[in-house]
file entry.csv (CSV, C-alpha atoms)
chain,number,residue,atom,x,y,z
L,1,MET,CA,-8.2,1.9,4.4
L,2,ALA,CA,-8.8,5.3,2.6
L,3,THR,CA,-10.2,6.8,5.8
L,4,ILE,CA,-7.2,5.7,7.8
L,5,LEU,CA,-4.8,7.0,5.1
L,6,LEU,CA,-6.7,10.3,5.0
L,7,ILE,CA,-6.4,10.8,8.8
L,8,ILE,CA,-2.7,10.1,8.7
L,9,TYR,CA,-2.3,12.4,5.8
L,10,GLY,CA,-4.2,15.1,7.7
L,11,LEU,CA,-1.9,14.7,10.7
L,12,VAL,CA,1.2,14.9,8.7
L,13,ALA,CA,-0.1,17.9,6.9
L,14,VAL,CA,-0.8,19.7,10.2
L,15,ALA,CA,2.8,19.0,11.4
L,16,LEU,CA,4.2,20.3,8.0
L,17,LEU,CA,2.0,23.3,8.2
L,18,GLY,CA,3.2,24.1,11.8
L,19,ALA,CA,6.9,23.6,10.9
L,20,LEU,CA,6.7,25.7,7.7
L,21,THR,CA,4.7,28.5,9.4
L,22,HIS,CA,7.2,28.7,12.2
L,23,GLN,CA,10.1,28.8,9.8
L,24,THR,CA,8.5,31.3,7.5
L,25,LEU,CA,7.6,33.8,10.2
L,26,ALA,CA,11.0,33.3,11.9
L,27,THR,CA,12.7,34.0,8.5
L,28,TRP,CA,10.6,37.0,7.5
L,29,ALA,CA,9.8,38.5,10.8
L,30,PRO,CA,12.1,37.1,13.5
L,31,GLY,CA,10.9,37.8,17.0
L,32,ARG,CA,12.3,38.2,20.5
L,33,SER,CA,11.1,36.4,23.5
L,34,GLY,CA,8.1,38.1,25.0
L,35,SER,CA,4.5,37.5,23.8
L,36,PHE,CA,3.3,34.2,22.4
L,37,PHE,CA,3.4,35.6,18.9
L,38,SER,CA,7.0,36.8,19.4
L,39,ARG,CA,8.1,33.4,20.8
L,40,PHE,CA,6.4,31.7,17.8
L,41,ARG,CA,8.9,33.6,15.6
L,42,CYS,CA,11.9,33.0,17.8
L,43,VAL,CA,12.8,29.6,16.5
L,44,PRO,CA,16.1,29.0,14.6
L,45,PRO,CA,14.7,28.6,11.0
L,46,ALA,CA,17.4,26.3,9.7
L,47,SER,CA,16.6,23.6,12.2
L,48,PHE,CA,13.2,23.1,10.5
L,49,ALA,CA,14.6,22.3,7.1
L,50,ASN,CA,15.0,18.5,7.5
L,51,ALA,CA,11.6,18.1,9.1
L,52,VAL,CA,10.0,20.2,6.4
L,53,VAL,CA,11.6,18.1,3.6
L,54,ILE,CA,10.7,14.8,5.2
L,55,LEU,CA,7.1,15.8,6.1
L,56,TYR,CA,6.5,17.3,2.6
L,57,VAL,CA,7.6,14.1,0.9
L,58,ILE,CA,5.5,11.9,3.2
L,59,ALA,CA,2.5,14.2,2.8
L,60,ALA,CA,2.9,14.3,-1.0
L,61,LEU,CA,3.2,10.5,-1.1
L,62,LEU,CA,0.1,10.0,1.1
L,63,GLY,CA,-1.7,12.6,-0.9
L,64,ALA,CA,-0.8,10.8,-4.1
L,65,ILE,CA,-2.3,7.6,-2.8
L,66,VAL,CA,-5.5,9.1,-1.3
L,67,TYR,CA,-5.9,11.0,-4.7
L,68,LEU,CA,-6.7,7.6,-6.3
L,69,TYR,CA,-9.7,7.1,-4.0
L,70,PHE,CA,-10.7,10.7,-4.5
L,71,ARG,CA,-10.7,10.3,-8.3
L,72,VAL,CA,-12.9,7.2,-8.3
L,73,ASP,CA,-15.2,7.7,-5.3
L,74,ILE,CA,-15.5,11.4,-4.6
L,75,ARG,CA,-14.8,13.4,-7.8
L,76,PRO,CA,-17.7,12.0,-9.8
L,77,SER,CA,-20.1,13.1,-7.1
L,78,LEU,CA,-18.6,16.6,-7.1
L,79,GLU,CA,-18.9,16.7,-10.8
L,80,ARG,CA,-22.6,15.6,-10.7
L,81,GLY,CA,-23.1,18.3,-8.0
L,82,GLY,CA,-21.6,20.9,-10.2
L,83,HIS,CA,-18.8,21.9,-7.7
L,84,TRP,CA,-16.6,23.1,-10.6
L,85,PRO,CA,-14.8,25.8,-8.7
L,86,ALA,CA,-13.9,23.4,-5.9
L,87,LEU,CA,-12.5,21.0,-8.5
L,88,GLY,CA,-10.6,23.9,-10.0
L,89,PHE,CA,-9.0,24.8,-6.7
L,90,PHE,CA,-8.2,21.1,-6.2
L,91,ASP,CA,-6.4,20.9,-9.6
L,92,ILE,CA,-4.4,24.0,-8.7
L,93,LYS,CA,-3.4,22.3,-5.5
L,94,GLU,CA,-2.0,19.3,-7.3
L,95,HIS,CA,0.0,21.5,-9.7
L,96,PHE,CA,1.4,23.5,-6.8
L,97,ILE,CA,2.3,20.4,-4.8
L,98,SER,CA,4.4,19.1,-7.7
L,99,ILE,CA,6.2,22.4,-8.2
L,100,GLY,CA,6.8,22.6,-4.5
L,101,ALA,CA,8.2,19.1,-4.4
L,102,ALA,CA,10.7,19.9,-7.1
L,103,LEU,CA,12.0,22.8,-5.0
L,104,LEU,CA,12.8,20.7,-2.0
L,105,PRO,CA,16.4,19.8,-3.0
L,106,ALA,CA,17.2,23.5,-3.6
L,107,TYR,CA,15.4,24.5,-0.4
L,108,TRP,CA,17.3,22.0,1.6
L,109,VAL,CA,20.6,23.1,0.1
L,110,CYS,CA,19.9,26.7,0.8
L,111,TRP,CA,19.1,26.1,4.5
L,112,ARG,CA,21.5,23.3,5.4
L,113,ARG,CA,24.5,24.1,3.1
L,114,PRO,CA,24.2,27.9,2.9
L,115,ARG,CA,26.9,29.7,0.9
L,116,THR,CA,28.2,33.0,2.3
L,117,ASP,CA,27.7,34.9,-0.9
L,118,GLU,CA,24.1,33.6,-1.3
L,119,PRO,CA,21.4,36.2,-0.8
L,120,TYR,CA,19.3,35.5,2.3
L,121,ARG,CA,16.2,36.4,0.4
L,122,LEU,CA,16.7,33.3,-1.8
L,123,ARG,CA,16.0,30.9,1.1
L,124,ALA,CA,13.4,33.3,2.5
L,125,ALA,CA,11.6,33.3,-0.9
L,126,LEU,CA,11.7,29.5,-1.2
L,127,THR,CA,10.4,29.1,2.3
L,128,ALA,CA,7.5,31.5,1.6
L,129,ILE,CA,6.6,29.7,-1.7
L,130,LEU,CA,6.6,26.4,0.1
L,131,ALA,CA,4.5,27.8,3.0
L,132,PHE,CA,2.0,29.2,0.5
L,133,ILE,CA,1.8,25.9,-1.3
L,134,VAL,CA,1.3,23.9,1.9
L,135,TRP,CA,-1.4,26.4,3.2
L,136,TRP,CA,-3.1,26.3,-0.2
L,137,GLY,CA,-3.1,22.5,-0.3
L,138,PHE,CA,-4.3,22.2,3.3
L,139,LEU,CA,-7.2,24.7,3.0
L,140,THR,CA,-8.3,23.4,-0.4
L,141,GLY,CA,-8.1,19.8,0.7
L,142,HIS,CA,-10.1,20.6,3.8
L,143,VAL,CA,-12.8,22.4,1.8
L,144,VAL,CA,-13.1,19.7,-0.8
L,145,ASN,CA,-13.1,17.0,1.9
L,146,ASN,CA,-15.9,18.7,3.7
L,147,ILE,CA,-18.1,19.5,0.7
L,148,MET,CA,-19.4,15.9,0.4
L,149,GLY,CA,-17.7,14.0,3.2
L,150,PHE,CA,-15.1,11.4,2.6
L,151,GLY,CA,-16.2,7.8,2.2
L,152,SER,CA,-19.8,8.6,2.6
A,1,MET,CA,32.9,20.8,-0.8
A,2,THR,CA,32.9,19.8,-4.5
A,3,SER,CA,30.1,17.3,-4.2
A,4,SER,CA,28.1,19.9,-2.2
A,5,ALA,CA,28.6,22.5,-4.9
A,6,THR,CA,27.7,20.0,-7.6
A,7,PHE,CA,24.5,19.0,-5.8
A,8,ARG,CA,23.7,22.7,-5.3
A,9,ARG,CA,23.9,23.2,-9.1
A,10,PHE,CA,21.8,20.1,-9.7
A,11,ALA,CA,19.2,21.2,-7.2
A,12,PHE,CA,18.9,24.7,-8.6
A,13,ALA,CA,18.7,23.6,-12.2
A,14,TYR,CA,16.2,20.8,-11.3
A,15,GLY,CA,13.8,23.1,-9.4
A,16,THR,CA,13.9,25.7,-12.1
A,17,ALA,CA,13.5,23.4,-15.0
A,18,PHE,CA,10.8,21.3,-13.4
A,19,ALA,CA,8.6,24.4,-13.0
A,20,VAL,CA,8.9,25.2,-16.7
A,21,LEU,CA,8.5,21.7,-17.9
A,22,TYR,CA,5.5,21.0,-15.7
A,23,VAL,CA,3.6,23.9,-17.3
A,24,VAL,CA,4.7,22.6,-20.7
A,25,ALA,CA,3.5,19.1,-19.8
A,26,LEU,CA,0.2,20.5,-18.5
A,27,LYS,CA,-0.5,22.7,-21.4
A,28,LEU,CA,0.4,20.1,-24.1
A,29,ASP,CA,-1.0,17.3,-22.0
A,30,LEU,CA,2.3,15.4,-22.1
A,31,ALA,CA,1.8,12.7,-19.5
A,32,LEU,CA,4.5,10.1,-19.3
A,33,PHE,CA,1.8,7.6,-18.3
A,34,THR,CA,-2.0,7.6,-17.7
A,35,VAL,CA,-3.5,6.0,-14.6
A,36,TYR,CA,-7.0,4.4,-14.6
A,37,PRO,CA,-7.6,3.9,-10.9
A,38,ALA,CA,-10.9,2.2,-11.3
A,39,GLN,CA,-9.4,-0.5,-13.4
A,40,SER,CA,-5.9,-0.5,-11.7
A,41,VAL,CA,-4.4,0.1,-15.1
A,42,VAL,CA,-1.4,2.2,-16.0
A,43,LEU,CA,-0.8,3.0,-19.7
A,44,LEU,CA,2.3,4.5,-21.1
A,45,GLY,CA,1.7,8.0,-22.6
A,46,THR,CA,-1.4,10.2,-22.6
A,47,HIS,CA,-4.7,8.4,-23.2
A,48,HIS,CA,-8.2,9.7,-23.1
A,49,SER,CA,-10.9,7.3,-22.4
A,50,ARG,CA,-13.3,9.3,-24.5
A,51,ASP,CA,-11.1,8.5,-27.5
A,52,VAL,CA,-12.0,4.8,-27.4
A,53,VAL,CA,-15.4,4.7,-25.8
A,54,ASP,CA,-18.5,6.8,-26.0
A,55,PRO,CA,-17.9,10.1,-24.2
A,56,ALA,CA,-21.0,9.5,-22.1
A,57,MET,CA,-19.4,6.4,-20.8
A,58,SER,CA,-16.0,7.8,-20.0
A,59,PHE,CA,-17.0,8.2,-16.3
A,60,LEU,CA,-16.7,4.5,-16.0
A,61,ALA,CA,-12.9,4.7,-16.7
A,62,PRO,CA,-11.8,8.0,-15.1
A,63,ALA,CA,-8.2,8.8,-16.2
A,64,MET,CA,-5.6,10.5,-14.1
A,65,TYR,CA,-2.8,12.6,-15.7
A,66,TRP,CA,-1.3,14.4,-12.7
A,67,TYR,CA,1.1,11.5,-12.0
A,68,GLY,CA,2.1,11.4,-15.7
A,69,TRP,CA,2.6,15.2,-16.0
A,70,THR,CA,4.7,15.2,-12.8
A,71,ALA,CA,6.8,12.2,-14.1
A,72,SER,CA,7.3,13.9,-17.5
A,73,ALA,CA,8.5,17.1,-15.9
A,74,ALA,CA,10.7,15.3,-13.3
A,75,LEU,CA,12.4,13.3,-16.1
A,76,GLY,CA,13.1,16.4,-18.2
A,77,ALA,CA,14.2,18.4,-15.1
A,78,PHE,CA,16.5,15.6,-14.1
A,79,VAL,CA,18.3,15.9,-17.4
A,80,PHE,CA,18.6,19.7,-16.9
A,81,GLY,CA,19.7,19.0,-13.3
A,82,LEU,CA,22.5,16.8,-14.6
A,83,LEU,CA,23.5,19.4,-17.1
A,84,GLY,CA,23.5,22.1,-14.4
A,85,ALA,CA,25.7,19.8,-12.2
A,86,LEU,CA,28.2,19.5,-15.0
A,87,LEU,CA,28.5,23.3,-15.3
A,88,PRO,CA,31.8,24.6,-14.1
A,89,GLY,CA,31.4,26.4,-10.8
A,90,ARG,CA,32.6,29.7,-12.1
A,91,GLY,CA,30.2,29.6,-15.1
A,92,ALA,CA,27.2,28.8,-12.8
A,93,ARG,CA,27.9,31.9,-10.7
A,94,TRP,CA,26.9,34.1,-13.7
A,95,ILE,CA,23.3,32.7,-13.5
A,96,TRP,CA,21.1,34.7,-11.4
A,97,SER,CA,20.0,32.6,-8.4
A,98,GLY,CA,16.7,34.5,-8.3
A,99,TRP,CA,15.4,32.3,-11.2
A,100,LEU,CA,15.0,29.6,-8.6
A,101,TRP,CA,12.0,31.4,-7.0
A,102,VAL,CA,10.9,33.6,-9.9
A,103,THR,CA,10.3,30.6,-12.2
A,104,PRO,CA,8.1,28.6,-9.8
A,105,LEU,CA,6.1,31.7,-9.1
A,106,ALA,CA,5.6,32.2,-12.8
A,107,ALA,CA,4.8,28.5,-13.3
A,108,MET,CA,2.2,28.6,-10.5
A,109,SER,CA,0.6,31.6,-12.1
A,110,ALA,CA,0.5,29.8,-15.5
A,111,CYS,CA,-1.1,26.7,-13.8
A,112,VAL,CA,-3.8,29.0,-12.3
A,113,TYR,CA,-4.4,30.4,-15.8
A,114,LEU,CA,-4.6,27.0,-17.4
A,115,THR,CA,-7.1,25.9,-14.7
A,116,MET,CA,-9.4,28.9,-15.2
A,117,PRO,CA,-11.8,27.0,-17.5
A,118,TRP,CA,-13.0,25.1,-14.3
A,119,PHE,CA,-14.3,28.4,-12.9
A,120,ARG,CA,-16.2,29.3,-16.1
A,121,LEU,CA,-18.4,26.1,-16.1
call {"tool": "encode", "arguments": {"input": "entry.csv", "output": "structure tokens"}}
result
Amino acid sequence: MATILLIIYGLVAVALLGALTHQTLATWAPGRSGSFFSRFRCVPPASFANAVVILYVIAALLGAIVYLYFRVDIRPSLERGGHWPALGFFDIKEHFISIGAALLPAYWVCWRRPRTDEPYRLRAALTAILAFIVWWGFLTGHVVNNIMGFGS
Amino acid sequence: MTSSATFRRFAFAYGTAFAVLYVVALKLDLALFTVYPAQSVVLLGTHHSRDVVDPAMSFLAPAMYWYGWTASAALGAFVFGLLGALLPGRGARWIWSGWLWVTPLAAMSACVYLTMPWFRL
């Protein structure tokens, strides 16, 4: 069960990572059609907001469930192996995820109900923070997952 | 329009307050509840297994506080969110919207600082 959940969690995380990376680059460095990298930044960033919110919530919920298995089955092994920095990075990940989840309502409002007098940099900053959190979570989760293997 | 503006004030206040309250909950260890996944037990408040059993045996009942810290901060932030929603629109415009991204960044830095002991082991 844990392995199936972890695989689904990973797939949702990849989709979220893609959506947020597209949106962040399109917000901070919009591109014009041309090279692959330019087209990557050509997307309308507001259209990603709903998907990002939904995927973030699903990923956070799946992560919260998988975390139970991690705490019982994986973390004691990491502690015995002295992987303290990895555990530290993982703790930072969980803090970041919570803070990011609380920003979702404001992030959604900024993109889907923008006000004319609202500075563009506000939604750009929120998007960048969420992108950083998701990238951090993805990379940290990946590293911790690969240190000992999951379910082994 | 009015409900949209009210939700905007709620969302801005909630996001900002959560970041602050999460750091407070983390620093003061204020978990609304503690989860013991191995026993499938949830206890209200912050509990440390080492307080009731020999510390050497605490690994038998690993405790999880992240859910409780998040719930504590969410509950507090919800109150601030409601207060923010009640603010008159004109009054809310005086508040710098940049707090919405500055506060989470500061909170994330504080979380990193509070996690530093892991890297000194």
call {"tool": "interface_residues", "arguments": {"input": "entry.csv", "of": "chain L", "to": "chain A", "cutoff": "10 Å", "atoms": "all atoms listed in the file", "output": "number ranges by chain"}}
result
L: 64, 67-73, 75-76, 82-110, 113-115, 118-119, 121-129, 133
call {"tool": "residues_around", "arguments": {"input": "entry.csv", "residues": "region 15-21 of chain L", "least_positions_apart": "3", "cutoff": "7 Å", "atoms": "only C-alpha atoms", "output": "PyMOL selection string"}}
result
chain L and resi 11-12+24-25+48+52+55-56+131+134-135
call {"tool": "atom_distance", "arguments": {"input": "entry.csv", "atom1": "CA of Ala26 (chain L)", "atom2": "CA of Leu139 (chain L)"}}
result
22.0 Å
call {"tool": "atom_distance", "arguments": {"input": "entry.csv", "atom1": "CA of Val14 (chain L)", "atom2": "CA of Ala110 (chain A)"}}
result
27.6 Å
call {"tool": "atom_distance", "arguments": {"input": "entry.csv", "atom1": "CA of Met1 (chain L)", "atom2": "CA of Leu62 (chain L)"}}
result
12.1 Å
call {"tool": "closest_residue", "arguments": {"input": "entry.csv", "among": "L:Thr3, L:Ser38, L:Asn146, L:Thr27", "to": "Ile65 (chain L)", "atoms": "only C-alpha atoms"}}
result
L:Thr3
